[in-house]
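Input: a single structure, listed below in structure tokens.
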Amino acid sequence: MSLTVDSVTKKFRRFPALNGASFVAPQGSFVSLLGPSGSGKTTLLRILGGLEFADSGSVRFADLNWLDMPARTRNPGFVFQQYALFKHMTVADNIAFGLKVRPRSKRPSKSEIQDRVKSLLDLVQLPGLEQRYPSQLSGGQRQRVALARALAIEPRMLLLDEPFGALDAKVRKELRADLRRIHDHAGVTTVFVTHDQEEAFAVADLVAVMKDGRIEQYGAPADVRRNPRTPFVSEFLSV
Amino acid sequence: MKKRYLKPTEDPLWLKLILGAVTIGFIAVLLLLPLVLMFKEALANGLNGFWASMTEPDALASVRLSLIAAAIAVPLNTVFGIAAAWAIAKYDFRGKTFLVTLIDLPFSVSPVVAGLIYVLVFGMQGWLGPTLADHDVRILFALPGIVLVTIFVTFPFVARELIPLMVDQGRDEEEAAATLGASGFQTFLRVTLPNIKWGLLYGILLCNARALGEFGAVSVVSGHIRGVTNTMPLHVQLLYDNYDYAGAFTVAALLAMLALLTLALKSLLEWRYADELAAAHRR
């Protein structure tokens, strides 16, 4: 059940966002897509999540032709930079959303959903906040709720788009460690977009450094750091 | 004595008093006074006279016609408004600005012109008129014509209210819903609609108020058949022109009360859901 991204391209109007990006991530690995703004990392993530469509190339995951499936059947756990929590719902309703919209035959019972919400809130270390609204939470708490919501549907793939971009340094560090713990606990394949190299190297098993819609270098953090393969990578990492 | 400093955003007392007096004076003279006088005039012949003018068959017919026209036009414009706002806020396409301008057209065109357009299309000398007459379909000087022009004049209200709201909200929450497995309809019902419900409600109330009160456009296509194609505003004018002042002011007062009821309903809802409203505005 590994993730294979092969020569994916994408153009917006005439601006090329992806110029043939390829990488392979083993099942259960944690991949960071690292690069400056405009390098195509968010576009690639959104293609994996089914929120954008690739012009060419292929993505295989769990022996499925991933690009042919609509977002709602892929069930990726997607976490957005701006949280994208449902403002009018309580924390509990936010987390339960993905379960409540299932067809009746696949929908867990009310008490099961309640239990699931509770254990997810414990997992993201926000016990007891079920009845709060997103507007009553801090940025870090909101992103924890968003993470719990994404995990509620038991995704096989977790996609995070600069999830800590809007948070301060201390909260970022805490959340980063928690994210890694949650990733290991859930056994998902995680793709994590960031422009912060310290973050990427601290948390990931594999780092893909991106530039102009291509993957410049892909490998374990230590290898990439020790042997930058192109001038761009060495320059980007030395900043 | 301690010197008192003004905050940079605070105005001196004399300015506050003047601004307050101007606002209150303006509203009192131009809004409240005429309203009070109208109700006084409507009650000139006592409550019995008011009741008699109100239950007069032609007056009742005009009330019924106005309510029917609004009951058809408002739901249609609600559906249209949501569809238009959705298309404009969520899709990128050529000619979007032009479409927004078109939606605004009824606001900028005089209602009389709106009425005349329909005479051109459906009138006997018009484009579709003769064909429709051959099939015994009556549009002008009948309910369909009145409904059509009412729809025309009121169609920007809901769309106008929703477009900025939905543009501002973006697609984030809908995208989140999709990745969580919600279908398009579930997303609309559970995510989009709750987010826009206040704007939608406000748009509907404004649309309804205008639908009941429209005069110019309806006047052109109605034919002014007393008790048949006269809406409330038209009936007010007819009574007024016949020197039946008590009658005219009675129906006018009724019309004003419908408008006040609309406003009261809106205030009630705002008061009832104040917390939720505040929560939705904070982000």
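We name chains A, B, ... following the order of the structure tokens; residues begin at 1 in each chain, and ligands are numbered from 1 as shown.
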**Request:** Could the residues of chain B within 6 Å of chain A, counting only C-alpha atoms, be given as JSON, numbers by chain, please?
**Result:** {"B": [172, 173, 178, 179, 180, 181, 182, 283]}
Write the selection just made, keeping C-alpha atoms, as a JSON list (two decimals), in the first residue's frame?
```json
[["chain", "number", "residue", "atom", "x", "y", "z"],
["B", 172, "ASP", "CA", -12.31, 26.13, 2.31],
["B", 173, "GLU", "CA", -15.18, 24.69, 4.29],
["B", 178, "ALA", "CA", -15.66, 17.00, 0.34],
["B", 179, "THR", "CA", -12.51, 15.40, 1.74],
["B", 180, "LEU", "CA", -14.59, 14.15, 4.68],
["B", 181, "GLY", "CA", -16.84, 12.29, 2.26],
["B", 182, "ALA", "CA", -19.85, 14.61, 2.01],
["B", 283, "ARG", "CA", -13.36, 33.85, 13.06]]
```
**Request:** Write out as an MDAnalysis selection string each polymer residue whose atoms come within 10 Å of segment 60-63 of chain A, counting only C-alpha atoms; drop sequence neighbours fewer than 4 positions from it.
**Result:** chainID A and resid 1:6 24:27 48 67:68 74 156:157 189
**Straight-line distance linking atom CA of Lys41 of chain A with atom CA of Val145 of chain A, stated in Å to one decimal** = 23.8 Å
**Prompt:** Any idea what's packed within 10 Å of Gly128 of chain A, counting only C-alpha atoms, ignoring anything in its chain fewer than 3 positions away? Could you give it as a list in words?
**Reply:** Val91, Ala92, Lys118, Leu121, Asp122, Gln125, Gln131 and Arg132 of chain A
Filtering to N, CA, C and O atoms, could you give me those residues as a compact mmCIF listing (two decimals), in the first residue's frame?
```txt
# COMPACT_ATOMS: atom_id res chain seq x y z
N VAL A 91 -17.25 21.77 18.39
CA VAL A 91 -16.08 20.92 18.17
C VAL A 91 -16.51 19.47 17.92
O VAL A 91 -16.05 18.82 16.98
N ALA A 92 -17.45 18.98 18.75
CA ALA A 92 -17.90 17.60 18.60
C ALA A 92 -18.55 17.38 17.23
O ALA A 92 -18.27 16.38 16.56
N LYS A 118 -14.80 11.51 21.61
CA LYS A 118 -14.12 11.65 22.89
C LYS A 118 -12.68 11.12 22.80
O LYS A 118 -11.73 11.78 23.25
N LEU A 121 -10.51 13.49 20.79
CA LEU A 121 -10.13 14.68 21.55
C LEU A 121 -9.04 14.36 22.57
O LEU A 121 -8.15 15.18 22.81
N ASP A 122 -9.09 13.13 23.12
CA ASP A 122 -8.00 12.73 24.01
C ASP A 122 -6.70 12.62 23.23
O ASP A 122 -5.65 13.06 23.69
N GLN A 125 -5.19 15.78 22.60
CA GLN A 125 -4.97 16.44 23.89
C GLN A 125 -5.86 17.67 24.10
O GLN A 125 -5.39 18.72 24.52
N GLN A 131 -18.21 20.81 23.48
CA GLN A 131 -19.30 21.76 23.23
C GLN A 131 -18.85 23.17 22.86
O GLN A 131 -19.66 24.07 22.70
N ARG A 132 -17.52 23.39 22.73
CA ARG A 132 -17.04 24.71 22.33
C ARG A 132 -17.27 24.93 20.83
O ARG A 132 -17.39 23.98 20.07
```
**Request:** For Leu18 of chain A, list every protein, DNA or RNA residue within 7 Å, evaluated using only C-alpha atoms, and leave out those in the same chain fewer than 5 positions away; present the list as a list in words.
**Result:**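 So the residues in contact are Val8, Thr9, Lys10, Lys11, Gly40, Gly213 and Arg214 of chain A.
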**Message:** For the structure I just gave you, how does DSSP split segment 117-268 of chain B - specifically, which residues are alpha helix (DSSP H)? Reply as a VMD selection string.
**Reply:** chain B and resid 117 to 122 129 to 134 143 to 154 156 to 169 172 to 179 184 to 187 193 to 213 216 to 222 232 to 241 245 to 268
Go ahead and write the selection's residues with C-alpha atoms as a compact mmCIF listing (two decimals), in the first residue's frame.
```txt
# COMPACT_ATOMS: atom_id res chain seq x y z
CA ILE B 117 -40.23 45.84 -21.42
CA TYR B 118 -42.85 43.21 -20.61
CA VAL B 119 -45.49 45.10 -22.58
CA LEU B 120 -43.09 44.96 -25.54
CA VAL B 121 -42.66 41.22 -25.13
CA PHE B 122 -46.19 40.14 -24.22
CA GLY B 129 -48.40 38.77 -27.70
CA PRO B 130 -50.30 37.61 -30.80
CA THR B 131 -49.11 34.00 -30.46
CA LEU B 132 -50.11 33.90 -26.80
CA ALA B 133 -53.49 35.46 -27.61
CA ASP B 134 -54.11 32.72 -30.19
CA LEU B 143 -51.68 37.70 -12.53
CA PRO B 144 -48.81 36.27 -14.67
CA GLY B 145 -47.76 39.74 -15.82
CA ILE B 146 -47.86 41.11 -12.28
CA VAL B 147 -45.79 38.19 -11.02
CA LEU B 148 -43.28 38.55 -13.88
CA VAL B 149 -42.57 42.23 -13.25
CA THR B 150 -42.42 41.62 -9.50
CA ILE B 151 -39.78 38.97 -10.10
CA PHE B 152 -37.91 41.35 -12.38
CA VAL B 153 -37.77 44.24 -9.90
CA THR B 154 -36.94 42.07 -6.89
CA PRO B 156 -31.25 41.34 -7.19
CA PHE B 157 -32.10 41.34 -3.48
CA VAL B 158 -31.17 37.79 -2.48
CA ALA B 159 -28.26 37.49 -4.92
CA ARG B 160 -26.84 40.88 -3.89
CA GLU B 161 -26.99 39.93 -0.23
CA LEU B 162 -25.31 36.54 -0.77
CA ILE B 163 -22.57 37.27 -3.34
CA PRO B 164 -20.19 39.26 -1.07
CA LEU B 165 -20.88 36.86 1.79
CA MET B 166 -20.06 33.75 -0.25
CA VAL B 167 -17.05 35.32 -1.95
CA ASP B 168 -15.71 36.21 1.47
CA GLN B 169 -16.21 32.70 2.80
CA ASP B 172 -12.31 26.13 2.31
CA GLU B 173 -15.18 24.69 4.29
CA GLU B 174 -16.74 23.07 1.23
CA GLU B 175 -13.39 21.51 0.32
CA ALA B 176 -13.04 20.21 3.86
CA ALA B 177 -16.53 18.71 3.64
CA ALA B 178 -15.66 17.00 0.34
CA THR B 179 -12.51 15.40 1.74
CA GLY B 184 -22.47 17.99 -3.00
CA PHE B 185 -25.99 18.17 -1.61
CA GLN B 186 -24.90 17.26 1.93
CA THR B 187 -22.24 19.95 1.73
CA LEU B 193 -26.59 26.95 3.94
CA PRO B 194 -25.89 27.42 7.67
CA ASN B 195 -23.06 29.79 6.76
CA ILE B 196 -25.24 32.01 4.60
CA LYS B 197 -28.54 31.70 6.45
CA TRP B 198 -28.51 35.19 7.98
CA GLY B 199 -27.66 36.92 4.75
CA LEU B 200 -30.21 34.75 2.98
CA LEU B 201 -32.93 35.61 5.49
CA TYR B 202 -32.15 39.30 5.24
CA GLY B 203 -32.25 39.12 1.45
CA ILE B 204 -35.59 37.32 1.53
CA LEU B 205 -37.11 39.89 3.89
CA LEU B 206 -35.95 42.79 1.72
CA CYS B 207 -37.15 40.98 -1.39
CA ASN B 208 -40.54 40.39 0.23
CA ALA B 209 -40.89 44.01 1.34
CA ARG B 210 -40.18 45.25 -2.17
CA ALA B 211 -42.43 42.62 -3.78
CA LEU B 212 -45.37 43.80 -1.68
CA GLY B 213 -44.61 47.46 -2.21
CA GLY B 216 -44.29 51.47 -11.00
CA ALA B 217 -43.65 48.25 -12.89
CA VAL B 218 -46.83 46.59 -11.71
CA SER B 219 -48.79 49.71 -12.62
CA VAL B 220 -47.74 49.40 -16.27
CA VAL B 221 -48.76 45.75 -16.72
CA SER B 222 -51.71 45.43 -14.36
CA MET B 232 -52.25 47.01 -2.66
CA PRO B 233 -50.11 49.96 -3.80
CA LEU B 234 -52.25 50.35 -6.93
CA HIS B 235 -55.43 50.18 -4.88
CA VAL B 236 -54.10 52.90 -2.58
CA GLN B 237 -53.58 55.18 -5.54
CA LEU B 238 -56.99 54.41 -6.99
CA LEU B 239 -58.73 55.23 -3.73
CA TYR B 240 -56.64 58.37 -3.35
CA ASP B 241 -57.49 59.54 -6.87
CA TYR B 245 -58.74 59.48 1.71
CA ALA B 246 -59.77 57.35 4.67
CA GLY B 247 -59.86 54.27 2.44
CA ALA B 248 -56.54 55.10 0.79
CA PHE B 249 -54.81 55.63 4.13
CA THR B 250 -56.34 52.48 5.56
CA VAL B 251 -54.86 50.29 2.84
CA ALA B 252 -51.62 52.29 3.02
CA ALA B 253 -51.48 51.71 6.77
CA LEU B 254 -52.02 48.01 6.17
CA LEU B 255 -49.16 47.97 3.67
CA ALA B 256 -46.94 49.83 6.12
CA MET B 257 -47.85 47.37 8.84
CA LEU B 258 -46.78 44.47 6.64
CA ALA B 259 -43.43 46.23 6.20
CA LEU B 260 -43.14 46.91 9.93
CA LEU B 261 -43.99 43.27 10.60
CA THR B 262 -41.13 42.26 8.32
CA LEU B 263 -38.73 44.50 10.22
CA ALA B 264 -40.01 43.27 13.56
CA LEU B 265 -39.50 39.68 12.43
CA LYS B 266 -35.92 40.47 11.46
CA SER B 267 -35.19 42.19 14.78
CA LEU B 268 -36.77 39.33 16.68
```
**Request:** For Val233 of chain A, list every protein, DNA or RNA residue within 12 Å, evaluated using only C-alpha atoms, and leave out those in the same chain fewer than 6 positions away; present the list as a count of residues only.
**Result:** 18
**Request:** Mind checking which residues fall within 12 Å of Asp184 of chain A, counting only C-alpha atoms, ignoring those fewer than 2 positions away in the same chain, and posting them as a count of residues only?
**Result:** 19
**Prompt:** Hey, which of A:Thr194, A:Gln143, A:Thr90, A:Ser238 ends up closest to Leu129 of chain A? Count only C-alpha atoms.
**Reply:**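 Closest residue, counting only C-alpha atoms: A:Thr90.
Note that the spacing between atom CA of Arg144 of chain A and atom CA of Glu162 of chain A amounts to 13.5 Å.
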**Among listed residues A:Gly57, A:Gly219, A:Gly139, A:Pro16, nearest Ala200 of chain A (using only C-alpha atoms)** =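 Result for the nearest residue to Ala200 of chain A: A:Gly219.
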